[in-house]
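So this one's protein22.pdb, PDB, C-alpha atoms and all ligand atoms:
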ATOM      1  CA  MET B   1      23.800  47.687 181.742
ATOM      2  CA  MET B   2      24.142  48.070 177.980
ATOM      3  CA  LEU B   3      20.932  47.143 176.181
ATOM      4  CA  ARG B   4      21.300  44.169 173.852
ATOM      5  CA  SER B   5      18.501  43.121 171.563
ATOM      6  CA  ARG B   6      17.993  41.169 168.378
ATOM      7  CA  ILE B   7      15.815  40.904 165.345
ATOM      8  CA  ALA B   8      15.100  37.289 164.420
ATOM      9  CA  PRO B   9      13.602  36.657 160.977
ATOM     10  CA  THR B  10      12.921  33.123 159.734
ATOM     11  CA  PRO B  11      13.868  32.112 156.182
ATOM     12  CA  SER B  12      10.714  30.071 155.667
ATOM     13  CA  GLY B  13       8.744  32.734 153.808
ATOM     14  CA  LEU B  14       8.987  36.283 152.473
ATOM     15  CA  LEU B  15       9.263  39.003 155.111
ATOM     16  CA  HIS B  16       5.972  40.818 155.526
ATOM     17  CA  LEU B  17       4.820  44.140 156.897
ATOM     18  CA  GLY B  18       4.398  42.705 160.399
ATOM     19  CA  ASN B  19       8.043  41.601 160.448
ATOM     20  CA  ALA B  20       9.141  45.043 159.252
ATOM     21  CA  VAL B  21       7.200  46.780 162.021
ATOM     22  CA  ASN B  22       8.744  44.496 164.643
ATOM     23  CA  PHE B  23      12.272  44.988 163.317
ATOM     24  CA  ILE B  24      11.953  48.768 163.091
ATOM     25  CA  LEU B  25      10.498  49.027 166.612
ATOM     26  CA  THR B  26      13.394  46.938 167.920
ATOM     27  CA  TRP B  27      15.920  49.022 165.976
ATOM     28  CA  LEU B  28      14.419  52.240 167.407
ATOM     29  CA  MET B  29      14.592  50.950 170.978
ATOM     30  CA  VAL B  30      18.211  49.897 170.604
ATOM     31  CA  ARG B  31      19.381  53.063 168.833
ATOM     32  CA  LYS B  32      17.595  55.291 171.326
ATOM     33  CA  ALA B  33      19.326  53.477 174.193
ATOM     34  CA  GLY B  34      22.713  53.389 172.449
ATOM     35  CA  GLY B  35      22.638  49.599 172.708
ATOM     36  CA  THR B  36      23.695  46.721 170.500
ATOM     37  CA  LEU B  37      21.486  45.081 167.897
ATOM     38  CA  ARG B  38      22.093  41.584 166.633
ATOM     39  CA  LEU B  39      20.672  40.007 163.495
ATOM     40  CA  ARG B  40      19.794  36.396 164.184
ATOM     41  CA  ILE B  41      18.244  34.261 161.475
ATOM     42  CA  ASP B  42      16.161  31.369 162.744
ATOM     43  CA  ASP B  43      16.897  28.533 160.340
ATOM     44  CA  ALA B  44      16.917  25.672 162.855
ATOM     45  CA  ASP B  45      13.756  24.457 161.134
ATOM     46  CA  CYS B  46      15.681  23.577 157.978
ATOM     47  CA  LEU B  47      12.704  21.672 156.580
ATOM     48  CA  ARG B  48      11.105  24.945 155.550
ATOM     49  CA  ALA B  49      14.145  27.194 155.079
ATOM     50  CA  LYS B  50      14.914  28.279 151.512
ATOM     51  CA  GLN B  51      17.747  30.216 149.912
ATOM     52  CA  GLU B  52      15.381  32.685 148.225
ATOM     53  CA  TYR B  53      13.862  33.575 151.601
ATOM     54  CA  LEU B  54      17.303  34.005 153.112
ATOM     55  CA  GLU B  55      18.190  36.428 150.334
ATOM     56  CA  ASP B  56      14.876  38.220 150.788
ATOM     57  CA  ILE B  57      15.751  38.955 154.436
ATOM     58  CA  PHE B  58      18.905  40.887 153.501
ATOM     59  CA  ARG B  59      17.205  42.595 150.550
ATOM     60  CA  GLN B  60      14.348  43.928 152.685
ATOM     61  CA  LEU B  61      16.527  44.944 155.647
ATOM     62  CA  ASP B  62      18.637  46.897 153.198
ATOM     63  CA  TRP B  63      15.552  48.536 151.691
ATOM     64  CA  LEU B  64      14.385  49.545 155.176
ATOM     65  CA  LYS B  65      17.908  50.934 155.872
ATOM     66  CA  LEU B  66      18.105  48.874 159.055
ATOM     67  CA  THR B  67      21.612  48.358 160.422
ATOM     68  CA  TRP B  68      22.846  45.813 162.942
ATOM     69  CA  ASP B  69      25.995  45.534 165.010
ATOM     70  CA  GLU B  70      26.394  41.761 165.255
ATOM     71  CA  GLY B  71      25.440  38.871 163.053
ATOM     72  CA  PRO B  72      25.817  37.902 159.395
ATOM     73  CA  THR B  73      26.646  40.482 156.724
ATOM     74  CA  GLY B  74      24.921  38.520 153.955
ATOM     75  CA  PRO B  75      23.595  35.091 152.927
ATOM     76  CA  ASP B  76      27.047  33.557 152.387
ATOM     77  CA  ASP B  77      28.409  34.835 155.676
ATOM     78  CA  PHE B  78      25.272  33.510 157.353
ATOM     79  CA  CYS B  79      25.684  30.002 155.962
ATOM     80  CA  ARG B  80      29.391  29.939 156.760
ATOM     81  CA  ARG B  81      29.354  31.300 160.316
ATOM     82  CA  PHE B  82      25.895  31.895 161.769
ATOM     83  CA  SER B  83      23.469  29.206 160.669
ATOM     84  CA  GLN B  84      21.735  27.488 163.560
ATOM     85  CA  GLN B  85      22.522  24.235 161.771
ATOM     86  CA  LEU B  86      26.071  24.796 163.027
ATOM     87  CA  ARG B  87      24.825  24.918 166.611
ATOM     88  CA  LEU B  88      22.850  21.682 166.835
ATOM     89  CA  GLU B  89      25.317  20.249 169.369
ATOM     90  CA  ARG B  90      24.775  23.238 171.626
ATOM     91  CA  TYR B  91      20.988  22.733 171.495
ATOM     92  CA  ARG B  92      21.437  19.020 172.219
ATOM     93  CA  GLU B  93      23.606  19.830 175.216
ATOM     94  CA  PHE B  94      20.941  22.141 176.675
ATOM     95  CA  LEU B  95      18.320  19.481 176.047
ATOM     96  CA  ALA B  96      20.442  16.777 177.689
ATOM     97  CA  GLU B  97      20.794  18.892 180.817
ATOM     98  CA  LEU B  98      17.005  19.276 181.121
ATOM     99  CA  ASP B  99      16.669  15.549 180.536
ATOM    100  CA  ARG B 100      19.260  14.787 183.201
ATOM    101  CA  LEU B 101      17.244  16.911 185.639
ATOM    102  CA  GLY B 102      14.219  14.725 184.858
ATOM    103  CA  HIS B 103      12.022  17.297 183.130
ATOM    104  CA  LEU B 104      11.580  15.579 179.757
ATOM    105  CA  TYR B 105       9.716  12.576 178.393
ATOM    106  CA  PRO B 106       9.478  11.002 174.957
ATOM    107  CA  CYS B 107       6.237  11.166 172.991
ATOM    108  CA  GLY B 108       5.411   9.250 169.844
ATOM    109  CA  CYS B 109       1.787  10.379 169.565
ATOM    110  CA  SER B 110       0.671  11.093 166.024
ATOM    111  CA  ARG B 111      -0.624  14.509 165.013
ATOM    112  CA  SER B 112      -4.096  13.074 164.481
ATOM    113  CA  LYS B 113      -4.172  11.447 167.922
ATOM    114  CA  ILE B 114      -3.155  14.722 169.527
ATOM    115  CA  ARG B 115      -5.719  16.670 167.505
ATOM    116  CA  GLU B 116      -8.451  14.240 168.486
ATOM    117  CA  HIS B 117      -7.733  14.299 172.211
ATOM    118  CA  ALA B 118      -6.376  17.786 172.735
ATOM    119  CA  VAL B 119      -7.980  19.762 175.542
ATOM    120  CA  ASP B 120      -8.373  23.396 174.404
ATOM    121  CA  GLY B 121      -5.749  22.750 171.744
ATOM    122  CA  VAL B 122      -3.249  21.424 174.292
ATOM    123  CA  TYR B 123      -1.624  17.967 174.341
ATOM    124  CA  PRO B 124      -3.104  16.113 177.353
ATOM    125  CA  GLY B 125       0.115  14.386 178.427
ATOM    126  CA  PHE B 126      -0.603  10.805 177.269
ATOM    127  CA  CYS B 127       3.062   9.802 177.435
ATOM    128  CA  ARG B 128       3.907  11.482 180.744
ATOM    129  CA  SER B 129       4.327   8.263 182.709
ATOM    130  CA  ARG B 130       6.132   6.343 179.983
ATOM    131  CA  ALA B 131       9.390   4.713 181.010
ATOM    132  CA  GLY B 132      12.541   4.495 178.910
ATOM    133  CA  GLY B 133      14.232   6.779 176.427
ATOM    134  CA  PRO B 134      12.877   7.987 173.109
ATOM    135  CA  MET B 135      12.514   5.613 170.168
ATOM    136  CA  PRO B 136      13.719   6.866 166.788
ATOM    137  CA  GLY B 137      11.197   9.273 165.321
ATOM    138  CA  GLU B 138       9.811  10.369 168.675
ATOM    139  CA  ALA B 139       9.570  13.871 170.080
ATOM    140  CA  LEU B 140      10.733  15.031 173.515
ATOM    141  CA  ARG B 141       8.326  17.044 175.622
ATOM    142  CA  VAL B 142       8.863  19.016 178.788
ATOM    143  CA  ARG B 143       6.617  18.502 181.828
ATOM    144  CA  VAL B 144       4.753  21.719 182.606
ATOM    145  CA  SER B 145       3.291  21.602 186.108
ATOM    146  CA  GLU B 146      -0.212  22.822 186.895
ATOM    147  CA  GLY B 147       0.888  25.916 188.747
ATOM    148  CA  SER B 148       3.242  27.266 186.072
ATOM    149  CA  VAL B 149       1.937  30.809 185.806
ATOM    150  CA  PHE B 150       4.160  33.646 184.651
ATOM    151  CA  ARG B 151       3.690  37.395 184.792
ATOM    152  CA  VAL B 152       4.767  38.918 181.513
ATOM    153  CA  GLU B 153       4.423  42.694 181.178
ATOM    154  CA  GLY B 154       1.707  42.722 183.808
ATOM    155  CA  GLN B 155      -0.265  39.901 182.173
ATOM    156  CA  GLU B 156      -0.644  36.485 183.756
ATOM    157  CA  VAL B 157       0.135  33.597 181.431
ATOM    158  CA  ALA B 158      -0.852  30.128 182.612
ATOM    159  CA  LEU B 159       1.666  28.074 180.679
ATOM    160  CA  CYS B 160      -0.025  24.740 181.489
ATOM    161  CA  LYS B 161      -3.253  25.984 179.851
ATOM    162  CA  GLU B 162      -1.632  27.865 176.978
ATOM    163  CA  MET B 163       0.894  25.267 175.857
ATOM    164  CA  GLY B 164       0.724  22.185 178.068
ATOM    165  CA  ASP B 165       3.741  19.877 177.872
ATOM    166  CA  PHE B 166       5.267  21.446 174.789
ATOM    167  CA  VAL B 167       7.774  19.847 172.420
ATOM    168  CA  LEU B 168      11.454  20.703 172.855
ATOM    169  CA  TRP B 169      12.901  18.261 170.341
ATOM    170  CA  ARG B 170      10.872  17.366 167.290
ATOM    171  CA  LYS B 171      10.356  13.931 165.865
ATOM    172  CA  GLU B 172      12.197  15.051 162.717
ATOM    173  CA  ASP B 173      15.277  15.148 165.022
ATOM    174  CA  LEU B 174      15.337  18.952 165.100
ATOM    175  CA  PRO B 175      15.246  21.384 168.015
ATOM    176  CA  ALA B 176      11.939  23.201 168.526
ATOM    177  CA  TYR B 177      11.630  26.976 168.340
ATOM    178  CA  GLN B 178      11.313  27.518 172.121
ATOM    179  CA  LEU B 179      14.603  25.765 172.778
ATOM    180  CA  VAL B 180      16.538  27.416 169.952
ATOM    181  CA  SER B 181      15.279  30.895 170.703
ATOM    182  CA  LEU B 182      16.119  30.650 174.401
ATOM    183  CA  VAL B 183      19.570  29.124 173.943
ATOM    184  CA  ASP B 184      20.535  31.753 171.371
ATOM    185  CA  ASP B 185      19.245  34.588 173.555
ATOM    186  CA  LEU B 186      21.246  33.225 176.495
ATOM    187  CA  ASP B 187      24.427  32.749 174.474
ATOM    188  CA  ASP B 188      24.084  36.165 172.811
ATOM    189  CA  ARG B 189      23.477  37.808 176.229
ATOM    190  CA  ILE B 190      20.269  39.415 174.968
ATOM    191  CA  ASN B 191      18.552  41.456 177.691
ATOM    192  CA  CYS B 192      15.702  43.083 175.766
ATOM    193  CA  ILE B 193      13.248  41.240 173.502
ATOM    194  CA  VAL B 194      10.664  43.028 171.362
ATOM    195  CA  ARG B 195       8.036  40.731 169.886
ATOM    196  CA  GLY B 196       4.394  40.600 168.866
ATOM    197  CA  GLN B 197       1.635  39.892 171.338
ATOM    198  CA  ASP B 198       1.095  36.513 169.672
ATOM    199  CA  LEU B 199       4.335  35.359 171.291
ATOM    200  CA  LEU B 200       3.262  36.032 174.887
ATOM    201  CA  ALA B 201       2.919  32.293 175.587
ATOM    202  CA  SER B 202       6.326  31.680 173.991
ATOM    203  CA  THR B 203       7.845  34.206 176.362
ATOM    204  CA  ALA B 204       6.321  32.307 179.292
ATOM    205  CA  ALA B 205       7.630  29.016 177.845
ATOM    206  CA  GLN B 206      11.148  30.432 177.549
ATOM    207  CA  LEU B 207      11.076  31.891 181.071
ATOM    208  CA  PHE B 208       9.966  28.476 182.261
ATOM    209  CA  LEU B 209      12.779  26.634 180.442
ATOM    210  CA  ALA B 210      15.402  29.080 181.672
ATOM    211  CA  ARG B 211      14.260  28.559 185.259
ATOM    212  CA  LEU B 212      14.299  24.766 184.886
ATOM    213  CA  HIS B 213      17.799  24.949 183.470
ATOM    214  CA  GLY B 214      18.986  27.315 186.208
ATOM    215  CA  ASP B 215      19.631  30.355 184.000
ATOM    216  CA  ASN B 216      18.402  32.910 186.486
ATOM    217  CA  LEU B 217      19.522  36.018 184.609
ATOM    218  CA  PHE B 218      16.976  35.423 181.830
ATOM    219  CA  ALA B 219      14.157  36.361 184.226
ATOM    220  CA  ALA B 220      15.582  39.900 184.221
ATOM    221  CA  THR B 221      15.146  40.193 180.432
ATOM    222  CA  ARG B 222      13.050  43.172 179.460
ATOM    223  CA  PHE B 223      10.118  42.073 177.263
ATOM    224  CA  LEU B 224       7.970  44.280 175.093
ATOM    225  CA  HIS B 225       5.013  42.699 173.337
ATOM    226  CA  HIS B 226       3.492  44.966 170.738
ATOM    227  CA  PRO B 227       0.096  44.674 169.025
ATOM    228  CA  LEU B 228       0.126  42.907 165.675
ATOM    229  CA  ILE B 229      -0.436  44.559 162.340
ATOM    230  CA  ARG B 230      -3.643  43.001 161.020
ATOM    231  CA  GLY B 231      -4.684  42.182 157.492
ATOM    232  CA  GLU B 232      -7.661  44.007 156.010
ATOM    233  CA  ASP B 233      -9.996  41.307 157.299
ATOM    234  CA  GLY B 234      -8.600  41.678 160.812
ATOM    235  CA  ARG B 235      -6.576  38.477 160.732
ATOM    236  CA  LYS B 236      -3.019  38.276 161.912
ATOM    237  CA  LEU B 237      -0.546  38.549 159.032
ATOM    238  CA  SER B 238       1.336  35.383 158.287
ATOM    239  CA  LYS B 239       3.806  33.982 155.823
ATOM    240  CA  SER B 240       0.922  32.785 153.714
ATOM    241  CA  ASP B 241      -0.264  36.337 153.059
ATOM    242  CA  ASP B 242       2.001  36.777 150.083
ATOM    243  CA  ALA B 243       0.198  39.914 149.008
ATOM    244  CA  LEU B 244       1.482  41.643 152.125
ATOM    245  CA  SER B 245       5.067  40.559 151.729
ATOM    246  CA  LEU B 246       7.444  43.490 151.535
ATOM    247  CA  ALA B 247       8.552  42.277 148.118
ATOM    248  CA  ALA B 248       4.965  42.414 146.818
ATOM    249  CA  LEU B 249       4.227  45.745 148.498
ATOM    250  CA  ARG B 250       7.304  47.268 146.883
ATOM    251  CA  GLU B 251       6.157  46.054 143.500
ATOM    252  CA  THR B 252       2.888  47.902 143.937
ATOM    253  CA  GLY B 253       4.845  51.086 144.662
ATOM    254  CA  VAL B 254       4.773  51.158 148.460
ATOM    255  CA  SER B 255       7.729  53.202 149.730
ATOM    256  CA  SER B 256       9.862  52.650 152.804
ATOM    257  CA  ALA B 257       8.562  56.012 154.074
ATOM    258  CA  GLN B 258       5.071  54.517 154.170
ATOM    259  CA  VAL B 259       6.351  51.611 156.244
ATOM    260  CA  TYR B 260       8.035  54.051 158.651
ATOM    261  CA  ARG B 261       4.728  55.875 159.044
ATOM    262  CA  VAL B 262       2.948  52.602 159.878
ATOM    263  CA  VAL B 263       5.522  52.095 162.631
ATOM    264  CA  ALA B 264       5.073  55.674 163.843
ATOM    265  CA  ARG B 265       1.338  55.107 164.260
ATOM    266  CA  GLN B 266       2.038  51.826 166.027
ATOM    267  CA  ALA B 267       4.346  53.635 168.436
ATOM    268  CA  GLY B 268       1.762  56.352 169.066
ATOM    269  CA  LEU B 269       3.711  59.018 167.145
ATOM    270  CA  ASP B 270       2.415  61.558 164.657
ATOM    271  CA  PRO B 271       3.414  60.132 161.261
ATOM    272  CA  ALA B 272       3.381  63.549 159.560
ATOM    273  CA  ASP B 273       6.754  64.633 158.101
ATOM    274  CA  ILE B 274       8.337  61.201 158.470
ATOM    275  CA  VAL B 275      10.209  60.319 155.302
ATOM    276  CA  THR B 276      13.417  58.636 156.419
ATOM    277  CA  LEU B 277      14.327  56.209 159.173
ATOM    278  CA  GLU B 278      16.291  59.050 160.809
ATOM    279  CA  ASP B 279      13.108  61.170 160.924
ATOM    280  CA  LEU B 280      11.373  58.328 162.701
ATOM    281  CA  LEU B 281      14.241  57.847 165.156
ATOM    282  CA  ARG B 282      14.288  61.558 165.961
ATOM    283  CA  LYS B 283      10.575  61.502 166.811
ATOM    284  CA  PHE B 284      10.937  58.263 168.732
ATOM    285  CA  CYS B 285      13.756  59.732 170.834
ATOM    286  CA  GLN B 286      11.567  62.696 171.795
ATOM    287  CA  THR B 287       9.156  60.353 173.572
ATOM    288  CA  VAL B 288       9.743  59.393 177.166
TER     289      VAL B 288
HETATM  290 ZN    ZN S 301       2.466  11.251 173.477
END
Full structure transcribed into structure tokens:
Amino acid sequence: MMLRSRIAPTPSGLLHLGNAVNFILTWLMVRKAGGTLRLRIDDADCLRAKQEYLEDIFRQLDWLKLTWDEGPTGPDDFCRRFSQQLRLERYREFLAELDRLGHLYPCGCSRSKIREHAVDGVYPGFCRSRAGGPMPGEALRVRVSEGSVFRVEGQEVALCKEMGDFVLWRKEDLPAYQLVSLVDDLDDRINCIVRGQDLLASTAAQLFLARLHGDNLFAATRFLHHPLIRGEDGRKLSKSDDALSLAALRETGVSSAQVYRVVARQAGLDPADIVTLEDLLRKFCQTV
């Protein structure tokens, strides 16, 4: 079967080094396998999406010389044809099917109530036995049973402990990341997902949703969770680390070759002599 993967930046902040490493690793996997790479931009959370971040995505992908086979060619094309805002009905339809099967319940608990009563950071299911549909301004959660344990790349993930009854539709009347990511991967027939280790629980959540919905092929998706690039203090890089954005790194004179060598190290390759993306691909293809 032809390998199909995607890179999925979010236009809610500047792309940073961690994003670049993930995208390049995905690109290498796809090119080595002669597969198809899709660019998907996750803007379902329109509350935080900004035009300047959307433009930054294309600017940095261009700088890294990354190419993709499907998806938007630029910001305008994205807004016109690919924005997830255009797919809200599709997400609602998926949600309605899970609701029809009896897996969802409305929750109007405030953030502070949840924070106060959370068990190990997980919502304790206050609204589980509530009757009736959601009131305006309420979220929809999915019931995660006690025994929901998934094996992801040889690691056991107990979804009930990691995420509890997680939110599928947010009280701002927007689909949650887990729902959007899964539905897009299903519709785009993605069969290989490369993501950071911080998304291990998300992978379990998406496997869980696919099973509930009856999408059995998703279980055959190949997942690769790579270690995260850490900041100098050992913390995970995030959108708030502006100093490590690609835009800021470029301003201080960091070259794309240096980014390729970071990826080489990450992939266990000797970074010596790597200047271009093609150099990196050549070395990557020599590995088994
Ligand atoms: Zn609740």
With distances taken over all atoms listed in the file, which of B:Ser12, B:Asp198, B:Thr26, B:Leu64 is nearest to Gln51 of chain B?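 That would be B:Ser12, the residue with the smallest distance to Gln51 of chain B.
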Which residues would end up in the selection if the PyMOL selection byres (((chain B and resi 138) around 7) and not hetatm) were applied here, given that I need the answer as a list in words? Pro106, Cys107, Gly108, Pro134, Met135, Pro136, Gly137, Ala139, Leu140 and Lys171 of chain B
How would you write, as a PyMOL selection string, the set of residues no farther than 8 Å from ligand ZN 301 (chain S) when counting only C-alpha atoms and all ligand atoms? chain B and resi 106-110+114+123+125-128
Let's have the selection written as a compact mmCIF listing (two decimals), in the frame of the given file, with C-alpha atoms.
# COMPACT_ATOMS: atom_id res chain seq x y z
CA PRO B 106 9.48 11.00 174.96
CA CYS B 107 6.24 11.17 172.99
CA GLY B 108 5.41 9.25 169.84
CA CYS B 109 1.79 10.38 169.56
CA SER B 110 0.67 11.09 166.02
CA ILE B 114 -3.16 14.72 169.53
CA TYR B 123 -1.62 17.97 174.34
CA GLY B 125 0.12 14.39 178.43
CA PHE B 126 -0.60 10.80 177.27
CA CYS B 127 3.06 9.80 177.44
CA ARG B 128 3.91 11.48 180.74
Would you mind listing what lies within 12 Å of Trp68 of chain B as a PyMOL selection string, with all atoms listed in the file counted and same-chain residues fewer than 3 positions away left out? chain B and resi 4-8+23-24+26-28+30-31+35-40+58+61-62+65+71-74
Write to file, as a PDB file, keeping the file's coordinate frame, the residues of the selection just made, with C-alpha atoms.
ATOM      1  CA  ARG B   4      21.300  44.169 173.852  1.00  0.00           C
ATOM      2  CA  SER B   5      18.501  43.121 171.563  1.00  0.00           C
ATOM      3  CA  ARG B   6      17.993  41.169 168.378  1.00  0.00           C
ATOM      4  CA  ILE B   7      15.815  40.904 165.345  1.00  0.00           C
ATOM      5  CA  ALA B   8      15.100  37.289 164.420  1.00  0.00           C
ATOM      6  CA  PHE B  23      12.272  44.988 163.317  1.00  0.00           C
ATOM      7  CA  ILE B  24      11.953  48.768 163.091  1.00  0.00           C
ATOM      8  CA  THR B  26      13.394  46.938 167.920  1.00  0.00           C
ATOM      9  CA  TRP B  27      15.920  49.022 165.976  1.00  0.00           C
ATOM     10  CA  LEU B  28      14.419  52.240 167.407  1.00  0.00           C
ATOM     11  CA  VAL B  30      18.211  49.897 170.604  1.00  0.00           C
ATOM     12  CA  ARG B  31      19.381  53.063 168.833  1.00  0.00           C
ATOM     13  CA  GLY B  35      22.638  49.599 172.708  1.00  0.00           C
ATOM     14  CA  THR B  36      23.695  46.721 170.500  1.00  0.00           C
ATOM     15  CA  LEU B  37      21.486  45.081 167.897  1.00  0.00           C
ATOM     16  CA  ARG B  38      22.093  41.584 166.633  1.00  0.00           C
ATOM     17  CA  LEU B  39      20.672  40.007 163.495  1.00  0.00           C
ATOM     18  CA  ARG B  40      19.794  36.396 164.184  1.00  0.00           C
ATOM     19  CA  PHE B  58      18.905  40.887 153.501  1.00  0.00           C
ATOM     20  CA  LEU B  61      16.527  44.944 155.647  1.00  0.00           C
ATOM     21  CA  ASP B  62      18.637  46.897 153.198  1.00  0.00           C
ATOM     22  CA  LYS B  65      17.908  50.934 155.872  1.00  0.00           C
ATOM     23  CA  GLY B  71      25.440  38.871 163.053  1.00  0.00           C
ATOM     24  CA  PRO B  72      25.817  37.902 159.395  1.00  0.00           C
ATOM     25  CA  THR B  73      26.646  40.482 156.724  1.00  0.00           C
ATOM     26  CA  GLY B  74      24.921  38.520 153.955  1.00  0.00           C
TER      27      GLY B  74
END
Provide the atom CA of Phe150 of chain B to atom CA of Asn191 of chain B distance in Å, to one decimal place.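 Atom CA of Asn191 of chain B lies at a distance of 17.8 Å from atom CA of Phe150 of chain B.
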Looking at B:Ala247, B:Arg189, B:Ala257, B:Arg282, which one is nearest to Leu17 of chain B, with distances taken over all atoms listed in the file?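 Nearest to Leu17 of chain B: B:Ala247.
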Specify as an NGL selection string each residue included when the PyMOL selection byres (((chain B and resi 218) around 10) and not hetatm) is applied to this file. :B and (182 or 185-186 or 189-192 or 206-211 or 214-217 or 219-222)
Once you have the residues from the selection above, write them out as a compact mmCIF listing (two decimals), in the frame of the given file, restricted to C-alpha atoms.
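Printed below is out-v9.txt as written:
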# COMPACT_ATOMS: atom_id res chain seq x y z
CA LEU B 182 16.12 30.65 174.40
CA ASP B 185 19.24 34.59 173.56
CA LEU B 186 21.25 33.22 176.50
CA ARG B 189 23.48 37.81 176.23
CA ILE B 190 20.27 39.42 174.97
CA ASN B 191 18.55 41.46 177.69
CA CYS B 192 15.70 43.08 175.77
CA GLN B 206 11.15 30.43 177.55
CA LEU B 207 11.08 31.89 181.07
CA PHE B 208 9.97 28.48 182.26
CA LEU B 209 12.78 26.63 180.44
CA ALA B 210 15.40 29.08 181.67
CA ARG B 211 14.26 28.56 185.26
CA GLY B 214 18.99 27.32 186.21
CA ASP B 215 19.63 30.36 184.00
CA ASN B 216 18.40 32.91 186.49
CA LEU B 217 19.52 36.02 184.61
CA ALA B 219 14.16 36.36 184.23
CA ALA B 220 15.58 39.90 184.22
CA THR B 221 15.15 40.19 180.43
CA ARG B 222 13.05 43.17 179.46
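Comparing B:Ala201, B:Leu14, B:Val259, B:Asp42 by their smallest distance to Ile274 of chain B, the closest is B:Val259 (using only C-alpha atoms).
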If you apply the PyMOL selection byres (((chain B and resi 153-156) around 9) and not hetatm) to this file, what residues do you get, as a VMD selection string? chain B and resid 149 to 152 157 to 158 200 222 to 225
Residue nearest Ile229 of chain B - candidates B:Ala44, B:Val142, B:Val262, B:Leu199, atoms counted: all atoms listed in the file: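 The shortest atom-to-atom distance to Ile229 of chain B comes from B:Val262.
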One-decimal distance in Å that lies between atom CA of Asp45 of chain B and atom CA of Ser112 of chain B: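 Result for atom CA of Ser112 of chain B versus atom CA of Asp45 of chain B: 21.4 Å, one decimal.
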